[in-house]
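> Quick one: this structure, given as structure tokens, is what I'll be asking you about.
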Amino acid sequence: MKCFHYFKDRSKSREQRSAPIFKYQSKSDISAYENERVTKSSSSANSVRGDTNKSSGSTTSPRSVTELYEEKAQYLRVFSFSELARATNNFDRLLKVGEGGFGSVYKGKIKPVGGKGDCSVVAIKKLSTGGFQGHKQWVAEVQFLGVVDHPNLVKLVGYCAVDGERGIQRLLVYEFMKNKSLEDHLFNRAYPALSWERRLQVMLGAAQGLAYLHEELEVQVIFRDFKASNVLLDEDFKPKLSDFGLAREGPTGEDTHVSTAVMGTNGYAAPDYIETGHLTAKSDVWSFGVVLFEVLTGRRSLERYRPGSEQKLLNWVKQYPANSRKFGMIMDPRLENQYSLSAAKLVAKLADSCLVKNAKNRPKMSEVVETLKQIIHVSVEVTSPDRSFEPIEDDPIEEKPTKQIGASESVKRRMAHLAKLSEHVDGVGRRKFMIMQRQVT
Ligand SMILES: Nc1ncnc2c1ncn2[C@@H]1O[C@H](COP(=O)(O)OP(=O)(O)OP(=O)(O)O)[C@@H](O)[C@H]1O
Ligand SMILES: [Mg+2]
């Protein structure tokens, strides 16, 4: 699914007005270039927040990502274009592992610094479209990934930036993620289906990555493009978020949001952000809720080939609330009933809470992490549905018999507690879908 950019025309004219000639090779050059743009223009492209103006209210601010980048990104390698061409057998299409809006991704082998020792396997992303927007995303990716450090965020090994006679070349070199993306495993039949346990663990890891970005850094980072294809999976299926091209610094001081041109991916962006351009960390929480439903159902947020009422995932799932006996009908058939229905309902409740209309009422990502941990606990102990342990069930009609019967008192208590936590989302759960219906086209 491709990224969208609302107000396309406006951005184009900005690009035409101000696109500079890019001439740099090192990371300090990147920062110098960005700083220059900040001082030259306070209202247009600046730093990684190229389309961002802070909302009014604050004069003090912590260090910017650009400043942090200067301090932290020393380990990034700067590659020459010929080095990366060699690493990929001249960008051999047999080595191509994927393609997105930015360009193609190749598997490659690079020599260690100094040339001695074993080669390491990397993923090399090559910008295919020229222009300011592509370059800006490339800069954002280098800067953010140069600053962050978390087991659930993909590692950037280095980059290449060349402005030659034949145009500009922008490449990114990442650690190689052997198991592709969550998107591949959820929606592509060529890949084995992810087990229920793995799905929960992947979402927990992804939530931890987002919580780190939102709550654990000196500067808050809003990811802005959370979706299944940006959750990569390593050899152990450990998830790592990738694609920081649209990431932005969050608001500082008294500010409640940053104002940006609306960018993201259809079907994942929060309706309040689409309507107002006001970006907050809660926009990521919405996207996380969408992916939770994708993980439950094995359906994409938008599937145009389906009958009308089923095309928009959020509209479809609202017909099968977690409290109803129909709920099980939305579950991914590829799970072959190998999941805990109780836990699945709690996941749906959690997703509902991420998808409430009022962004302020969505949970923080650290709260999502905690809830997911508890759900995983419940799921481990109750591996298949059992009506007698369904505290959120409001419909007494019998569900399918279960394979495993019985659960400990502690599980019952935990589930009752979780059910309570989820209660408050019920009232607002319905309205959100009407909003989404209008927004997602
Ligand atoms: N570090 C990596 N290791 C292994 N494969 C990768 C890596 N990064 C990306 N890929 C593969 O390349 C595919 C394309 O990734 P890319 O981020 O360019 O686009 P996308 O996320 O699918 O779409 P969009 O451009 O809309 O974000 C991914 O789905 C994944 O399969
Ligand atoms: Mg991606």
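Every chain in the structure tokens has a letter given in the order shown (A, B, ...), and although residue numbers restart at 1 in each chain, ligands are simply numbered from 1 in the order shown.
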Could you please extract the residues within 6 Å of ligand 1, counting only C-alpha atoms and all ligand atoms, and hand them back as a PyMOL selection string?
chain A and resi 1-3+97-103+105+123+174-178+180-181+229-230+243
> Name the residues of range 95-330 of chain A that come out as strand (DSSP E or B) in a backbone DSSP run; write them as a PyMOL selection string.
chain A and resi 96-99+103-110+120-127+153+156-164+167-175+181+221-222+231-233+239-241+248-249+258-260+263-265+278-279+302+312
> Looking at only C-alpha atoms and all ligand atoms, which of A:Pro192, A:Pro62, A:Pro112, A:Gly245 is the one that sits closest to ligand 2?
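For ligand 2, the nearest of the candidates is A:Gly245.
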> Which residues come within 12 Å of Lys111 in chain A, counting only C-alpha atoms, excluding same-chain residues fewer than 3 positions away, as a list in words?
Arg77, Phe79, Glu83, Leu84, Arg86, Ala87, Gly108, Gly114, Gly115, Lys116, Gly117, Asp118, Cys119, Ser120, Val121, Val122 and Val157 of chain A
> Please identify the helix (DSSP H, G or I) residues within range 33-265 of chain A (assignment by DSSP from backbone atoms) and present them as a PyMOL selection string.
chain A and resi 33-40+65-75+81-87+93-95+132-147+182-187+196-216+228-230
> Pick out the closest residue to ligand 2 from this set: A:Lys126, A:Arg63, A:His214, A:Lys227. Count only C-alpha atoms and all ligand atoms.
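Result for the nearest residue to ligand 2: A:Lys227.
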> Taking only C-alpha atoms and all ligand atoms into account, which of A:Lys357, A:Lys96, A:Lys240, A:Arg306 comes nearest ligand 2?
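The shortest atom-to-atom distance to ligand 2 comes from A:Lys240.
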> For Thr280 in chain A, work out the shell of residues within 8 Å, counting only C-alpha atoms and skipping chain neighbours fewer than 6 positions away, then give it as a list in words.
Ile222, Gly250, Pro251, Thr256, His257 and Val258 of chain A
> Those residues you just picked out, can you put them in a file as a tab-separated table (two decimals), in the first residue's frame with N, CA and C atoms?

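selection_28.tsv, freshly written:
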chain	number	residue	atom	x	y	z
A	222	ILE	N	7.28	10.79	16.80
A	222	ILE	CA	6.01	10.24	16.30
A	222	ILE	C	6.33	9.52	14.99
A	250	GLY	N	7.83	15.12	18.21
A	250	GLY	CA	6.55	15.45	18.82
A	250	GLY	C	6.56	16.86	19.39
A	251	PRO	N	5.41	17.29	19.93
A	251	PRO	CA	5.33	18.63	20.50
A	251	PRO	C	6.18	18.74	21.77
A	256	THR	N	0.48	20.99	22.34
A	256	THR	CA	-0.28	19.75	22.41
A	256	THR	C	-0.09	18.90	21.16
A	257	HIS	N	0.39	19.52	20.10
A	257	HIS	CA	0.51	18.79	18.85
A	257	HIS	C	1.52	19.51	17.95
A	258	VAL	N	1.89	18.88	16.86
A	258	VAL	CA	2.61	19.59	15.82
A	258	VAL	C	1.69	19.65	14.60
